[in-house]
file upload-v3.csv (CSV, C-alpha atoms and all ligand atoms)
chain,number,residue,atom,x,y,z
Z,1,MET,CA,68.6,176.2,-8.6
Z,2,GLY,CA,69.9,174.4,-11.6
Z,3,ILE,CA,71.3,170.9,-11.6
Z,4,PHE,CA,74.7,172.3,-12.0
Z,5,ASP,CA,74.4,174.0,-8.6
Z,6,LEU,CA,73.5,170.7,-7.1
Z,7,PHE,CA,76.6,169.2,-8.4
Z,8,LYS,CA,78.7,172.1,-7.2
Z,9,LYS,CA,77.8,171.5,-3.6
Z,10,LYS,CA,78.3,167.8,-3.9
Z,11,SER,CA,81.6,168.1,-5.7
Z,12,THR,CA,83.1,170.1,-2.9
Z,13,SER,CA,82.9,167.3,-0.5
Z,14,ASP,CA,83.7,164.7,-3.2
Z,15,SER,CA,86.9,166.4,-4.3
Z,16,LYS,CA,89.0,165.7,-1.3
Z,17,VAL,CA,92.3,164.7,-2.7
Z,18,ILE,CA,93.0,161.8,-0.6
Z,19,SER,CA,90.2,160.1,1.3
Z,20,LYS,CA,89.5,156.7,2.7
Z,21,LYS,CA,87.1,154.6,0.9
Z,22,PRO,CA,83.8,156.4,1.6
Z,23,ASN,CA,81.8,153.3,2.3
Z,24,LEU,CA,84.0,152.4,5.2
Z,25,ASN,CA,83.9,155.7,7.1
Z,26,VAL,CA,80.7,155.1,9.1
Z,27,GLY,CA,82.0,151.8,10.3
Z,28,ILE,CA,85.3,153.2,11.3
Z,29,ILE,CA,83.8,155.8,13.6
Z,30,ASP,CA,81.6,153.2,15.4
Z,31,ILE,CA,84.5,150.8,15.8
Z,32,TRP,CA,86.8,153.4,17.2
Z,33,GLU,CA,84.3,154.2,19.9
Z,34,ASN,CA,85.2,150.8,21.5
Z,35,GLU,CA,88.9,151.2,20.9
Z,36,ARG,CA,89.4,154.7,22.1
Z,37,GLU,CA,90.2,153.9,25.8
Z,38,GLU,CA,92.7,151.2,24.9
Z,39,PHE,CA,94.2,153.4,22.3
Z,40,GLU,CA,94.7,156.3,24.8
Z,41,ASN,CA,96.0,153.9,27.4
Z,42,TYR,CA,98.6,152.5,25.1
Z,43,PHE,CA,100.1,155.9,24.7
Z,44,LYS,CA,100.1,156.5,28.4
Z,45,SER,CA,101.8,153.2,29.0
Z,46,ILE,CA,105.0,154.1,27.1
Z,47,LYS,CA,108.1,153.5,29.3
Z,48,ARG,CA,110.0,156.6,30.4
Z,49,PRO,CA,113.2,155.3,32.2
Z,50,ILE,CA,114.8,158.6,33.0
Z,51,GLU,CA,111.6,160.2,34.1
Z,52,GLU,CA,111.1,157.2,36.5
Z,53,SER,CA,114.7,157.2,37.7
Z,54,LEU,CA,114.2,160.8,38.8
Z,55,ILE,CA,111.0,160.2,40.9
Z,56,SER,CA,113.1,160.3,44.1
Z,57,SER,CA,114.3,163.8,43.2
Z,58,SER,CA,110.9,165.1,44.5
Z,59,GLU,CA,112.3,164.5,48.0
Z,60,PHE,CA,114.7,167.4,47.3
Z,61,PHE,CA,111.8,169.6,46.6
Z,62,LYS,CA,109.7,168.5,49.6
Z,63,ASN,CA,112.6,169.0,51.9
Z,64,SER,CA,114.0,172.1,50.2
Z,65,VAL,CA,117.5,170.6,49.7
Z,66,CYS,CA,120.0,171.4,47.0
Z,67,PRO,CA,120.4,168.3,44.7
Z,68,TYR,CA,124.1,169.0,44.3
Z,69,CYS,CA,125.4,169.6,47.8
Z,70,ASP,CA,122.4,168.8,50.1
Z,71,PHE,CA,122.5,172.3,51.5
Z,72,LYS,CA,119.2,173.2,53.3
Z,73,LEU,CA,117.5,176.0,51.3
Z,74,ASP,CA,115.2,178.6,52.9
Z,75,LYS,CA,112.4,177.3,50.7
Z,76,SER,CA,112.2,175.2,47.5
Z,77,PRO,CA,112.6,177.4,44.3
Z,78,LEU,CA,109.8,177.4,41.7
Z,79,LYS,CA,112.2,178.2,38.8
Z,80,LYS,CA,115.9,177.9,37.9
Z,81,THR,CA,117.8,179.2,40.9
Z,82,LYS,CA,121.5,179.3,42.0
Z,83,CYS,CA,122.3,177.4,45.2
Z,84,PRO,CA,123.7,179.9,47.7
Z,85,ASN,CA,126.2,177.3,49.0
Z,86,CYS,CA,127.6,175.5,45.9
Z,87,HIS,CA,126.6,178.2,43.3
Z,88,ASN,CA,125.3,175.6,40.9
Z,89,TYR,CA,122.0,176.1,39.0
Z,90,ILE,CA,119.0,174.1,40.5
Z,91,TYR,CA,116.3,173.2,38.0
Z,92,VAL,CA,112.6,172.6,38.8
Z,93,ARG,CA,110.5,170.2,36.8
Z,94,THR,CA,107.2,168.3,37.4
Z,95,ASN,CA,107.6,164.5,37.1
Z,96,LEU,CA,105.3,163.2,34.4
Z,97,VAL,CA,104.7,159.9,36.3
Z,98,THR,CA,104.0,161.2,39.8
Z,99,LYS,CA,103.0,164.8,38.9
Z,100,GLU,CA,105.3,165.9,41.8
Z,101,LYS,CA,107.8,168.7,41.6
Z,102,MET,CA,111.5,167.8,41.6
Z,103,LEU,CA,114.7,169.7,42.1
Z,104,LEU,CA,117.3,168.6,39.5
Z,105,THR,CA,120.9,169.2,38.6
Z,106,GLU,CA,121.8,170.6,35.2
Z,107,GLU,CA,122.9,167.1,33.9
Z,108,GLN,CA,119.7,165.5,35.1
Z,109,VAL,CA,117.5,168.2,33.5
Z,110,ASN,CA,119.3,167.8,30.1
Z,111,LYS,CA,118.9,164.0,30.2
Z,112,LEU,CA,115.3,164.4,31.1
Z,113,GLU,CA,114.5,167.0,28.3
Z,114,ASN,CA,116.2,164.7,25.8
Z,115,GLU,CA,114.1,161.7,26.8
Z,116,ARG,CA,110.9,163.8,26.7
Z,117,ASP,CA,111.8,165.1,23.2
Z,118,GLU,CA,112.6,161.7,21.9
Z,119,ILE,CA,109.5,160.1,23.3
Z,120,GLY,CA,107.4,163.0,22.1
Z,121,THR,CA,108.6,162.5,18.6
Z,122,LYS,CA,108.2,158.8,18.8
Z,123,LEU,CA,104.7,159.0,20.2
Z,124,GLY,CA,103.8,161.5,17.5
Z,125,ALA,CA,105.0,159.1,14.8
Z,126,GLU,CA,103.2,156.1,16.3
Z,127,LYS,CA,100.0,158.1,16.7
Z,128,THR,CA,100.1,159.1,13.0
Z,129,ALA,CA,100.3,155.4,12.0
Z,130,LEU,CA,98.0,153.9,14.6
Z,131,SER,CA,95.2,156.4,14.0
Z,132,ASP,CA,94.5,154.2,11.0
Z,133,TYR,CA,92.0,151.7,12.4
Z,134,TYR,CA,93.3,148.7,10.5
Z,135,ILE,CA,96.9,149.4,11.5
Z,136,TRP,CA,95.9,149.8,15.1
Z,137,ILE,CA,94.0,146.4,15.1
Z,138,GLU,CA,96.9,144.7,13.3
Z,139,PHE,CA,99.3,146.3,15.8
Z,140,LYS,CA,97.4,145.0,18.8
Z,141,LYS,CA,97.2,141.5,17.3
Z,142,THR,CA,100.9,141.4,16.5
Z,143,LYS,CA,101.8,142.6,20.0
Z,144,GLY,CA,99.6,140.0,21.6
Z,145,GLU,CA,101.2,137.2,19.5
Z,146,LEU,CA,104.7,138.4,20.3
Z,147,GLU,CA,103.9,138.5,24.0
Z,148,LYS,CA,102.7,134.9,23.9
Z,149,GLU,CA,105.9,133.8,22.2
Z,150,ASN,CA,107.9,135.9,24.7
Z,151,LYS,CA,109.5,137.9,21.9
Z,152,LYS,CA,110.5,141.5,22.2
Z,153,ILE,CA,110.3,143.8,19.2
Z,154,GLU,CA,110.3,147.6,19.3
Z,155,ASP,CA,106.8,149.1,18.7
Z,156,LEU,CA,108.1,151.2,15.9
Z,157,ASP,CA,109.4,148.1,14.2
Z,158,ILE,CA,106.1,146.3,14.5
Z,159,ILE,CA,104.3,149.3,13.0
Z,160,TRP,CA,106.9,149.5,10.2
Z,161,GLY,CA,106.3,145.8,9.3
Z,162,ILE,CA,102.5,146.4,9.2
Z,163,LEU,CA,102.9,149.4,6.9
Z,164,ASN,CA,105.2,147.4,4.7
Z,165,LYS,CA,102.5,144.7,4.3
Z,166,LYS,CA,99.7,147.3,3.8
Z,167,GLN,CA,101.5,149.2,1.1
Z,168,THR,CA,101.7,146.1,-1.1
Z,169,GLU,CA,98.0,145.5,-0.6
Z,170,TYR,CA,97.2,149.1,-1.6
Z,171,VAL,CA,99.2,148.9,-4.8
Z,172,GLN,CA,97.4,145.6,-5.7
Z,173,GLN,CA,94.0,147.3,-5.0
Z,174,ASN,CA,95.0,150.4,-7.0
Z,175,ASP,CA,94.5,152.6,-4.0
Z,176,TRP,CA,97.3,155.0,-4.6
Z,177,GLY,CA,96.1,157.6,-2.1
Z,178,LEU,CA,96.3,155.1,0.7
Z,179,PHE,CA,99.6,153.8,-0.6
Z,180,ARG,CA,100.9,157.4,-0.5
Z,181,ASN,CA,99.6,157.8,3.1
Z,182,THR,CA,101.4,154.7,4.1
Z,183,ARG,CA,104.7,155.9,2.6
Z,184,TYR,CA,104.1,159.2,4.5
Z,185,GLU,CA,103.7,157.3,7.7
Z,186,MET,CA,106.9,155.5,7.1
Z,187,PHE,CA,108.6,158.9,6.6
Z,188,VAL,CA,107.3,160.0,10.0
Z,189,LEU,CA,108.7,156.8,11.6
Z,190,LEU,CA,112.1,157.3,10.0
Z,191,ASN,CA,112.1,160.9,11.1
Z,192,ALA,CA,111.2,159.9,14.7
Z,193,GLU,CA,114.1,157.4,14.7
Z,194,ARG,CA,116.4,160.2,13.6
Z,195,ARG,CA,117.2,158.3,10.4
Z,196,PHE,CA,117.3,161.7,8.6
Z,197,GLN,CA,119.1,160.5,5.4
Z,198,GLU,CA,116.4,158.0,4.8
Z,199,ALA,CA,113.6,160.3,6.0
Z,200,ILE,CA,114.4,163.1,3.5
Z,201,ARG,CA,114.4,160.6,0.6
Z,202,MET,CA,111.0,159.2,1.7
Z,203,ALA,CA,109.6,162.8,2.1
Z,204,LEU,CA,110.8,163.5,-1.5
Z,205,GLU,CA,109.2,160.3,-2.7
Z,206,VAL,CA,105.9,161.3,-1.1
Z,207,CYS,CA,106.0,164.7,-2.9
Z,208,TYR,CA,106.5,162.9,-6.2
Z,209,TYR,CA,103.3,160.9,-5.6
Z,210,ASP,CA,101.4,164.1,-4.5
Z,211,ILE,CA,102.4,166.0,-7.6
Z,212,ASN,CA,101.1,163.1,-9.7
Z,213,GLY,CA,97.8,163.2,-7.9
Z,214,PRO,CA,97.3,159.8,-6.2
Z,215,ASN,CA,93.7,158.5,-6.0
Z,216,ASN,CA,92.0,155.5,-4.4
Z,217,VAL,CA,90.2,153.9,-7.3
Z,218,SER,CA,89.4,150.4,-6.0
Z,219,GLY,CA,86.1,151.2,-4.2
Z,220,ILE,CA,85.2,154.3,-6.2
Z,221,ASP,CA,81.9,154.4,-7.9
Z,222,LEU,CA,82.6,156.5,-10.9
Z,223,ASN,CA,79.4,158.4,-10.6
Z,224,LEU,CA,78.7,161.7,-12.2
Z,225,SER,CA,79.3,164.0,-9.2
Z,226,ASN,CA,83.0,162.9,-9.0
Z,227,LYS,CA,83.5,164.0,-12.6
Z,228,LYS,CA,81.9,167.4,-11.9
Z,229,GLY,CA,84.4,168.0,-9.2
Z,230,ALA,CA,87.2,167.8,-11.7
Z,231,GLU,CA,86.4,171.2,-13.1
Z,232,TYR,CA,86.9,172.8,-9.7
Z,233,GLU,CA,90.1,170.9,-9.1
Z,234,SER,CA,91.4,172.0,-12.5
Z,235,GLU,CA,90.6,175.6,-11.7
Z,236,TYR,CA,92.3,175.2,-8.4
Z,237,ILE,CA,95.4,173.8,-10.0
Z,238,LYS,CA,95.4,176.6,-12.5
Z,239,GLN,CA,95.3,179.3,-9.8
Z,240,ASN,CA,97.5,177.8,-7.2
Z,241,TRP,CA,99.9,175.3,-8.6
Z,242,GLY,CA,101.7,176.3,-11.7
Z,243,LEU,CA,102.1,172.9,-13.3
Z,244,PHE,CA,100.6,174.2,-16.5
Z,245,ARG,CA,102.6,177.3,-16.6
Z,246,LYS,CA,104.8,175.8,-19.2
Z,247,SER,CA,101.9,175.1,-21.6
Z,248,PRO,CA,98.9,177.3,-20.6
Z,249,SER,CA,97.4,177.1,-24.0
Z,250,GLU,CA,97.3,173.3,-23.8
Z,251,PHE,CA,95.8,173.4,-20.4
Z,252,ASP,CA,93.1,175.9,-21.5
Z,253,LYS,CA,92.2,173.7,-24.4
Z,254,ILE,CA,91.6,170.8,-22.0
Z,255,LEU,CA,89.7,172.9,-19.6
Z,256,LYS,CA,87.5,174.4,-22.4
Z,257,LYS,CA,86.8,171.0,-23.8
Z,258,TYR,CA,85.8,169.7,-20.4
Z,259,GLY,CA,83.8,172.9,-19.6
Z,260,ASP,CA,81.9,172.7,-22.9
Z,261,ALA,CA,81.1,169.0,-22.4
Z,262,LEU,CA,80.0,169.7,-18.9
Z,263,ARG,CA,77.7,172.6,-19.8
Z,264,LYS,CA,76.2,170.6,-22.7
Z,265,GLU,CA,75.5,167.6,-20.4
Z,266,ASN,CA,74.0,169.8,-17.6
Z,267,LYS,CA,71.7,171.4,-20.1
Z,268,ALA,CA,70.6,168.0,-21.3
Z,269,LEU,CA,70.1,166.8,-17.7
Z,270,GLU,CA,68.1,169.8,-16.8
Z,271,ASP,CA,65.9,169.6,-19.9
Z,272,TYR,CA,65.2,165.9,-19.3
Z,273,TYR,CA,64.6,165.9,-15.5
Z,274,TYR,CA,63.2,169.4,-14.9
Z,275,ASN,CA,61.6,170.4,-18.2
Z,276,GLY,CA,60.6,167.0,-19.4
Z,277,THR,CA,62.0,167.7,-22.8
Z,278,GLY,CA,64.7,165.8,-24.8
Z,279,SER,CA,65.9,162.4,-24.2
Z,280,LYS,CA,67.8,161.0,-21.1
Z,281,PRO,CA,71.4,162.0,-21.6
Z,282,LEU,CA,74.0,159.3,-21.5
Z,283,ASP,CA,76.4,160.3,-18.7
Z,284,ASN,CA,79.2,158.2,-19.9
Z,285,GLU,CA,79.9,160.7,-22.7
Z,286,LEU,CA,81.7,162.8,-20.2
Z,287,VAL,CA,82.8,160.1,-18.0
Z,288,GLU,CA,84.6,158.5,-20.9
Z,289,SER,CA,86.5,161.6,-21.7
Z,290,PHE,CA,87.5,162.4,-18.1
Z,291,PRO,CA,87.5,159.3,-16.0
Z,292,ILE,CA,89.3,159.6,-12.7
Z,293,GLN,CA,92.7,158.1,-12.9
Z,294,PRO,CA,94.8,156.2,-10.3
Z,295,PHE,CA,97.2,159.1,-10.8
Z,296,ASP,CA,95.4,162.2,-11.9
Z,297,LEU,CA,96.8,165.7,-12.4
Z,298,ARG,CA,93.5,167.1,-11.3
Z,299,SER,CA,94.2,165.8,-7.8
Z,300,GLY,CA,97.9,166.8,-7.8
Z,301,PHE,CA,99.2,168.9,-4.9
Z,302,VAL,CA,102.2,169.7,-2.9
Z,303,ALA,CA,101.7,169.5,0.9
Z,304,PRO,CA,103.0,172.6,2.8
Z,305,ALA,CA,103.9,170.5,5.8
Z,306,LEU,CA,106.2,168.3,3.7
Z,307,ILE,CA,107.8,171.3,2.2
Z,308,PHE,CA,108.5,172.6,5.7
Z,309,LEU,CA,109.9,169.2,6.8
Z,310,ILE,CA,112.1,168.8,3.7
Z,311,LYS,CA,113.6,172.3,4.3
Z,312,GLU,CA,114.3,171.3,7.9
Z,313,LEU,CA,115.9,168.1,7.0
Z,314,LYS,CA,118.1,169.8,4.4
Z,315,GLU,CA,119.4,172.1,7.1
Z,316,LYS,CA,119.9,169.2,9.6
Z,317,LEU,CA,121.9,167.2,7.0
Z,318,ASN,CA,123.8,170.3,5.7
Z,319,LEU,CA,122.7,169.6,2.1
Z,320,GLN,CA,122.8,171.9,-0.9
Z,321,TRP,CA,119.8,172.3,-3.2
Z,322,ASP,CA,121.7,170.3,-5.8
Z,323,ASP,CA,122.0,167.4,-3.4
Z,324,VAL,CA,118.3,167.5,-2.7
Z,325,LYS,CA,117.6,167.6,-6.4
Z,326,ASN,CA,119.8,164.5,-7.1
Z,327,MET,CA,118.1,162.6,-4.3
Z,328,PHE,CA,114.7,163.5,-5.6
Z,329,ILE,CA,115.4,162.6,-9.2
Z,330,GLU,CA,117.1,159.4,-8.2
Z,331,ARG,CA,114.2,158.3,-5.9
Z,332,ALA,CA,111.4,159.4,-8.2
Z,333,THR,CA,113.0,157.5,-11.1
Z,334,GLN,CA,113.1,154.4,-8.9
Z,335,VAL,CA,109.5,154.6,-7.8
Z,336,LYS,CA,108.0,155.9,-11.0
Z,337,VAL,CA,105.4,153.6,-12.6
Z,338,ASN,CA,104.0,154.2,-16.0
Z,339,ILE,CA,100.6,155.4,-14.8
Z,340,MET,CA,102.3,158.5,-13.2
Z,341,PRO,CA,101.9,161.4,-15.7
Z,342,VAL,CA,104.6,163.7,-14.4
Z,343,SER,CA,108.3,162.9,-15.1
Z,344,PRO,CA,110.8,163.1,-12.3
Z,345,GLN,CA,112.4,166.2,-13.9
Z,346,GLU,CA,109.1,168.0,-14.4
Z,347,ALA,CA,108.1,167.1,-10.9
Z,348,TRP,CA,111.3,168.5,-9.5
Z,349,ASP,CA,110.6,171.9,-11.2
Z,350,ILE,CA,107.2,172.0,-9.5
Z,351,LEU,CA,108.6,171.0,-6.2
Z,352,TYR,CA,111.5,173.3,-6.4
Z,353,ASP,CA,109.1,176.2,-7.0
Z,354,GLU,CA,107.4,175.3,-3.8
Z,355,LEU,CA,110.6,174.7,-1.8
Z,356,TYR,CA,112.0,178.0,-3.0
Z,357,ASN,CA,108.9,179.9,-2.2
Z,358,GLY,CA,109.3,181.7,1.1
Z,359,LEU,CA,113.1,181.2,1.2
Z,360,ASP,CA,115.0,184.3,2.3
Z,401,ZN,ZN,124.2,173.4,46.4

call {"tool": "encode", "arguments": {"input": "upload-v3.csv", "output": "structure tokens"}}
result
Amino acid sequence: MGIFDLFKKKSTSDSKVISKKPNLNVGIIDIWENEREEFENYFKSIKRPIEESLISSSEFFKNSVCPYCDFKLDKSPLKKTKCPNCHNYIYVRTNLVTKEKMLLTEEQVNKLENERDEIGTKLGAEKTALSDYYIWIEFKKTKGELEKENKKIEDLDIIWGILNKKQTEYVQQNDWGLFRNTRYEMFVLLNAERRFQEAIRMALEVCYYDINGPNNVSGIDLNLSNKKGAEYESEYIKQNWGLFRKSPSEFDKILKKYGDALRKENKALEDYYYNGTGSKPLDNELVESFPIQPFDLRSGFVAPALIFLIKELKEKLNLQWDDVKNMFIERATQVKVNIMPVSPQEAWDILYDELYNGLD
């Protein structure tokens, strides 16, 4: 096995596009062990007013009585059934608080399903954000302080405030992958609050970062194995992504230059360490020519889940593709900083390819 093979293995795990700072991961797992129960309990403690108001409807089930007209039924139905007396549909649901079966009217079941949907979306959004250990700890702290001061602020608003603070820190630290994740979490919150106009703009903004390849560079040791991964990322982009479709010759030139340098350096490393010949190669020769960037095309991608959500929001808002394009260009122009290599227009072309893919 040559040295190059060693790097190959390593680079696979190193080349995750967006990752937390690696030196923190072990700590996070241990700390979560102590938090898990409280974390789960928090999600169980969410208030469900309609669910709770319907607890007494389990009496209808226990006594086999129609919830509309109090008619005594032969036995309680187990699925949607017409009352033989008033001819209304009786619905059966299990109460999430008491786990008891209830008989409900159509109006009640609609209200209940709405609340369950809404809470489901809200919990999903909160879970996305609070699964970040630091956000969770900050959230608990803020909630505790608010309770002491007897102030009431919606949980989603507390989380929003924390994300707001975090994103500024990430920009200052040059951790653009974490910044991107924070903006994504904000998108999920907006979506959960049914603020779809704002949500679609945020989703488009996140796509703009993704196409530019955001990286966390504050804690990264620019060691050799990271660089080796670049060749695979480049190959991946070439096969899957289409960014370089416009100038394939330019891309090939870059890839060839990198490939040549890589082979040369591997040969030198192998000679020095395995064969004991030659002199110790300076690894910064390659590093200098391809250092990892805060935004780096080699880490660029378009997330399929976001593509799906953008299409869904476009339908919900009844938008044309031109509207979506205008939103994208406008937003990308607002958030673009000069370290992002892809212009809003170029990025739209890439994104539109992905959005258009699979449309019938
Ligand atoms: Zn009835």

call {"tool": "residues_near_ligand", "arguments": {"input": "upload-v3.csv", "ligand": "ligand ZN 401 (chain Z)", "cutoff": "6 Å", "atoms": "all atoms listed in the file", "output": "tab-separated table (two decimals) with C-alpha atoms, in the frame of the given file"}}
result
chain	number	residue	atom	x	y	z
Z	66	CYS	CA	120.00	171.40	47.00
Z	68	TYR	CA	124.10	169.00	44.30
Z	69	CYS	CA	125.40	169.60	47.80
Z	71	PHE	CA	122.50	172.30	51.50
Z	83	CYS	CA	122.30	177.40	45.20
Z	85	ASN	CA	126.20	177.30	49.00
Z	86	CYS	CA	127.60	175.50	45.90

call {"tool": "closest_residue", "arguments": {"input": "upload-v3.csv", "among": "Z:Val92, Z:Leu317, Z:Thr333, Z:Gly120", "to": "Z:Ala199", "atoms": "all atoms listed in the file"}}
result
Z:Leu317

call {"tool": "atom_distance", "arguments": {"input": "upload-v3.csv", "atom1": "atom CA of Z:Asn174", "atom2": "atom CA of Z:Ala305"}}
result
25.4 Å

call {"tool": "atom_distance", "arguments": {"input": "upload-v3.csv", "atom1": "atom CA of Z:Tyr208", "atom2": "atom CA of Z:Pro344"}}
result
7.5 Å

call {"tool": "closest_residue", "arguments": {"input": "upload-v3.csv", "among": "Z:Asn326, Z:Asn357, Z:Asn212, Z:Gln293", "to": "Z:Met340", "atoms": "only C-alpha atoms"}}
result
Z:Asn212

call {"tool": "residues_around", "arguments": {"input": "upload-v3.csv", "residues": "stretch 137-149 of chain Z", "least_positions_apart": "3", "cutoff": "8 Å", "atoms": "all atoms listed in the file", "output": "list in words"}}
result
Leu130, Tyr133, Tyr134, Lys152, Ile153, Ile158, Ile159 and Ile162 of chain Z

call {"tool": "write_last_selection", "arguments": {"input": "upload-v3.csv", "atoms": "C-alpha atoms", "output": "compact mmCIF listing (two decimals), keeping the file's coordinate frame"}}
result
# COMPACT_ATOMS: atom_id res chain seq x y z
CA LEU Z 130 98.00 153.90 14.60
CA TYR Z 133 92.00 151.70 12.40
CA TYR Z 134 93.30 148.70 10.50
CA LYS Z 152 110.50 141.50 22.20
CA ILE Z 153 110.30 143.80 19.20
CA ILE Z 158 106.10 146.30 14.50
CA ILE Z 159 104.30 149.30 13.00
CA ILE Z 162 102.50 146.40 9.20

call {"tool": "residues_around", "arguments": {"input": "upload-v3.csv", "residues": "Z:Glu115", "least_positions_apart": "3", "cutoff": "10 Å", "atoms": "all atoms listed in the file", "output": "ChimeraX atom specification"}}
result
/Z:48-51,109-112,118-121

call {"tool": "atom_distance", "arguments": {"input": "upload-v3.csv", "atom1": "atom CA of Z:Ile211", "atom2": "atom CA of Z:Glu193"}}
result
26.6 Å

call {"tool": "closest_residue", "arguments": {"input": "upload-v3.csv", "among": "Z:Ser57, Z:Ser64, Z:Thr81, Z:Ser131", "to": "Z:Phe43", "atoms": "all atoms listed in the file"}}
result
Z:Ser131

call {"tool": "residues_around", "arguments": {"input": "upload-v3.csv", "residues": "Z:Leu313", "least_positions_apart": "5", "cutoff": "12 Å", "atoms": "all atoms listed in the file", "output": "number ranges by chain"}}
result
Z: 187, 190-191, 194-204, 306-308, 318-321, 324

call {"tool": "closest_residue", "arguments": {"input": "upload-v3.csv", "among": "Z:Glu330, Z:Asp349, Z:Glu205, Z:Asp175", "to": "Z:Pro294", "atoms": "only C-alpha atoms"}}
result
Z:Asp175

call {"tool": "closest_residue", "arguments": {"input": "upload-v3.csv", "among": "Z:Trp32, Z:Tyr209, Z:Tyr91, Z:Phe179", "to": "Z:Leu297", "atoms": "all atoms listed in the file"}}
result
Z:Tyr209

call {"tool": "residues_near_point", "arguments": {"input": "upload-v3.csv", "point": "(100.0, 146.6, 8.2)", "cutoff": "6 Å", "atoms": "all atoms listed in the file", "output": "short mmCIF file (atom, residue, chain, number, x, y, z; two decimals) with C-alpha atoms, keeping the file's coordinate frame"}}
result
data_model
loop_
_atom_site.label_atom_id
_atom_site.label_comp_id
_atom_site.auth_asym_id
_atom_site.auth_seq_id
_atom_site.Cartn_x
_atom_site.Cartn_y
_atom_site.Cartn_z
CA ILE Z 135 96.90 149.40 11.50
CA ILE Z 162 102.50 146.40 9.20
CA LEU Z 163 102.90 149.40 6.90
CA LYS Z 165 102.50 144.70 4.30
CA LYS Z 166 99.70 147.30 3.80
#

call {"tool": "closest_residue", "arguments": {"input": "upload-v3.csv", "among": "Z:Leu96, Z:Tyr184, Z:Asp74, Z:Phe295", "to": "Z:Ala125", "atoms": "all atoms listed in the file"}}
result
Z:Tyr184
